[in-house]
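Contents: one structure, followed by commentary.
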Amino acid sequence: MTNIKTGQRYQQCFANLASKQQGAFIPFVMIGDPHKQQSIEIIKTLIDNGADALELGIPFSDPSADGLTIQMAAKRALNAKINTDVCIDILTEIRAYAPDIPIGLLLYANLVFARGIDKFYNDMKNAGVDSVLIADVPMRESKRFEQAALAHDIAPIFIAPPNADEDTLKKVAAHGQGYTYVLSRAGVTGTEVKANMPGKELIATLDGYHAPEPVLGFGISSPEQVKEAIDSGAKGAISGSAVVNIIANNIDDEQQMLASLATFIQSMKAAS
């Protein structure tokens, strides 16, 4: 694989979008949902219809930051015998399909521990992963993950919560690479509680600390919310549960599922 330095694909992506006066639209899906082959077709459909980057999950039995929609996606994947090895196979195929798109993982610490921290990051680098966000590791416990990530040219991603104090935001800015995951609201993932647009002050504070590009997530399910996110100063928006709901609602009709995903991704990208 070509040696891609830490955050390089994100930097190129955001630079290209800035030249077109666009923000990034980043869909999230669970790798392997509902099974391996269909998951590959789903992710390719996201790419083909305008996703600027990908945020992908590795199925886990106790996803504490996720609402019911994402939990059920993980359960479908686990029932289909999807494990980290299968996820690596899928990631490798997706990287070969789309060499330039940034690929990020959002997952949980036990998945990293189970493989061994250094081996996990090494394997993910070889599969073409650009960034890793570990949802259940607070900043104060993140040093060994951050060190392993950087040793393998993977960008560590950190969360900027809506009620973060100045010290937290400074650390998020100093230690994150690739982009900054800005939470639109507290709680877990899901469209049941809509996103709140963060004050421009939060984005400005992150900018002041030279944080990586702020991207808004949690509760984003419509083009109007994508536009609001970009207007608030965010450089992109992540939508997960709304995308996964389309998969869940068309689980027995793959062609309808892919067609609905294509329409949704196009509409969200058009608002960015």
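In the structure tokens, the first chain shown is A, the next is B, and so on; residue numbers restart at 1 for each chain, and ligands run from 1 in the order shown.
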Can you list, as an MDAnalysis selection string, every residue of segment 186-259 of chain A that DSSP puts in strand (DSSP E or B)?
chainID A and resid 214:217 236:239
Resulting file, chosen residues, C-alpha atoms, as a compact mmCIF listing (two decimals), in the first residue's frame:
```txt
# COMPACT_ATOMS: atom_id res chain seq x y z
CA PRO A 214 -14.70 20.43 13.28
CA VAL A 215 -17.31 17.95 12.04
CA LEU A 216 -20.72 17.76 13.69
CA GLY A 217 -22.38 14.47 14.63
CA GLY A 236 -18.77 18.71 7.82
CA ALA A 237 -21.62 16.63 9.21
CA ILE A 238 -21.88 12.97 10.15
CA SER A 239 -25.15 11.06 9.86
```
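The list of residues with at least one atom within 9 Å of Leu17 of chain A, based on only C-alpha atoms and without residues fewer than 6 positions apart in the same chain, reads Gly23, Ala24 and Asp52 of chain A.
The neighbours of Gln8 of chain A here are the residues that come within 12 Å of it, using only C-alpha atoms and leaving out any residue fewer than 6 positions away in the same chain; they are Thr2, Phe14, Ala15, Asp100, Ile101, Pro102, Ile103, Val129, Asp130, Ser131, Asp153, Ile154, Ala155, Gln177, Gly178 and Tyr179 of chain A.
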Quick check for you: according to DSSP on this backbone, which residues of segment 48-194 of chain A are classed as helix (DSSP H, G or I)? Reply as a PyMOL selection string.
chain A and resi 48+68-79+84-97+109-115+117-127+139-141+143-151+166-175
Applying 7 Å and only C-alpha atoms, which residues near segment 53-55 of chain A remain after dropping the ones on its own chain fewer than 5 positions away? List them as a PyMOL selection string.
chain A and resi 26-29+101-106
Same residues, N, CA and C atoms, output as a PDB file, in the first residue's frame:
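Resulting contents of again05.pdb:
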```
ATOM      1  N   ILE A  26     -20.487  12.969   5.771  1.00  0.00           N
ATOM      2  CA  ILE A  26     -19.842  11.717   6.177  1.00  0.00           C
ATOM      3  C   ILE A  26     -20.902  10.772   6.739  1.00  0.00           C
ATOM      4  N   PRO A  27     -21.272   9.731   6.011  1.00  0.00           N
ATOM      5  CA  PRO A  27     -22.218   8.750   6.557  1.00  0.00           C
ATOM      6  C   PRO A  27     -21.506   7.723   7.429  1.00  0.00           C
ATOM      7  N   PHE A  28     -22.268   7.222   8.419  1.00  0.00           N
ATOM      8  CA  PHE A  28     -21.777   6.146   9.278  1.00  0.00           C
ATOM      9  C   PHE A  28     -22.629   4.905   9.047  1.00  0.00           C
ATOM     10  N   VAL A  29     -21.984   3.757   8.902  1.00  0.00           N
ATOM     11  CA  VAL A  29     -22.677   2.461   8.944  1.00  0.00           C
ATOM     12  C   VAL A  29     -21.810   1.480   9.722  1.00  0.00           C
ATOM     13  N   ILE A 101     -10.607   8.109  -0.595  1.00  0.00           N
ATOM     14  CA  ILE A 101     -11.595   8.571   0.379  1.00  0.00           C
ATOM     15  C   ILE A 101     -11.078   8.332   1.811  1.00  0.00           C
ATOM     16  N   PRO A 102     -11.218   9.329   2.695  1.00  0.00           N
ATOM     17  CA  PRO A 102     -10.833   9.080   4.095  1.00  0.00           C
ATOM     18  C   PRO A 102     -11.771   8.066   4.741  1.00  0.00           C
ATOM     19  N   ILE A 103     -11.195   7.108   5.453  1.00  0.00           N
ATOM     20  CA  ILE A 103     -11.965   6.087   6.162  1.00  0.00           C
ATOM     21  C   ILE A 103     -11.632   6.172   7.646  1.00  0.00           C
ATOM     22  N   GLY A 104     -12.661   6.438   8.453  1.00  0.00           N
ATOM     23  CA  GLY A 104     -12.492   6.490   9.900  1.00  0.00           C
ATOM     24  C   GLY A 104     -13.267   5.378  10.572  1.00  0.00           C
ATOM     25  N   LEU A 105     -12.761   4.953  11.729  1.00  0.00           N
ATOM     26  CA  LEU A 105     -13.465   3.965  12.544  1.00  0.00           C
ATOM     27  C   LEU A 105     -13.945   4.631  13.827  1.00  0.00           C
ATOM     28  N   LEU A 106     -15.157   4.275  14.246  1.00  0.00           N
ATOM     29  CA  LEU A 106     -15.680   4.677  15.551  1.00  0.00           C
ATOM     30  C   LEU A 106     -16.008   3.387  16.277  1.00  0.00           C
TER      31      LEU A 106
END
```
Min atom-atom distance to Leu206 of chain A from the set A:Gly67, A:Gly57, A:Gly233, A:Gly128, counting only C-alpha atoms, belongs to A:Gly233
Excluding same-chain residues fewer than 3 positions from Ala248 of chain A, what lies within 12 Å of it counting only C-alpha atoms, as a PyMOL selection string?
chain A and resi 29-30+33-34+68-77+241-245+251-254+256-258+260-261
Can you pull out the residues contacting Lys227 of chain A? Cut-off 10 Å, using only C-alpha atoms, and skip same-chain residues under 5 positions away; I want them as a VMD selection string.
chain A and resid 23 222 232 234 236 to 237 268 to 272
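For the atom pair formed by atom CA of Lys5 of chain A and atom CA of Pro99 of chain A, the distance is 13.9 Å, given to one decimal.
Closest to Glu41 of chain A among A:Ala135, A:Asp66, A:Ala149, A:Glu93 is A:Glu93, based on only C-alpha atoms.
Proximity ranking of A:Tyr97, A:Phe60, A:Tyr209, A:Phe25 relative to Ala114 of chain A places A:Phe60 first, based on only C-alpha atoms.
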Please list as a ChimeraX atom specification every residue within 12 Å of Asp207 of chain A, counting only C-alpha atoms and excluding residues in the same chain fewer than 3 positions away.
/A:169-170,172-174,179-180,200-204,210-214,233-235
Just to confirm, what's the straight-line distance from atom CA of Thr92 of chain A to atom CA of Ile265 of chain A in Å (one decimal)?
22.6 Å
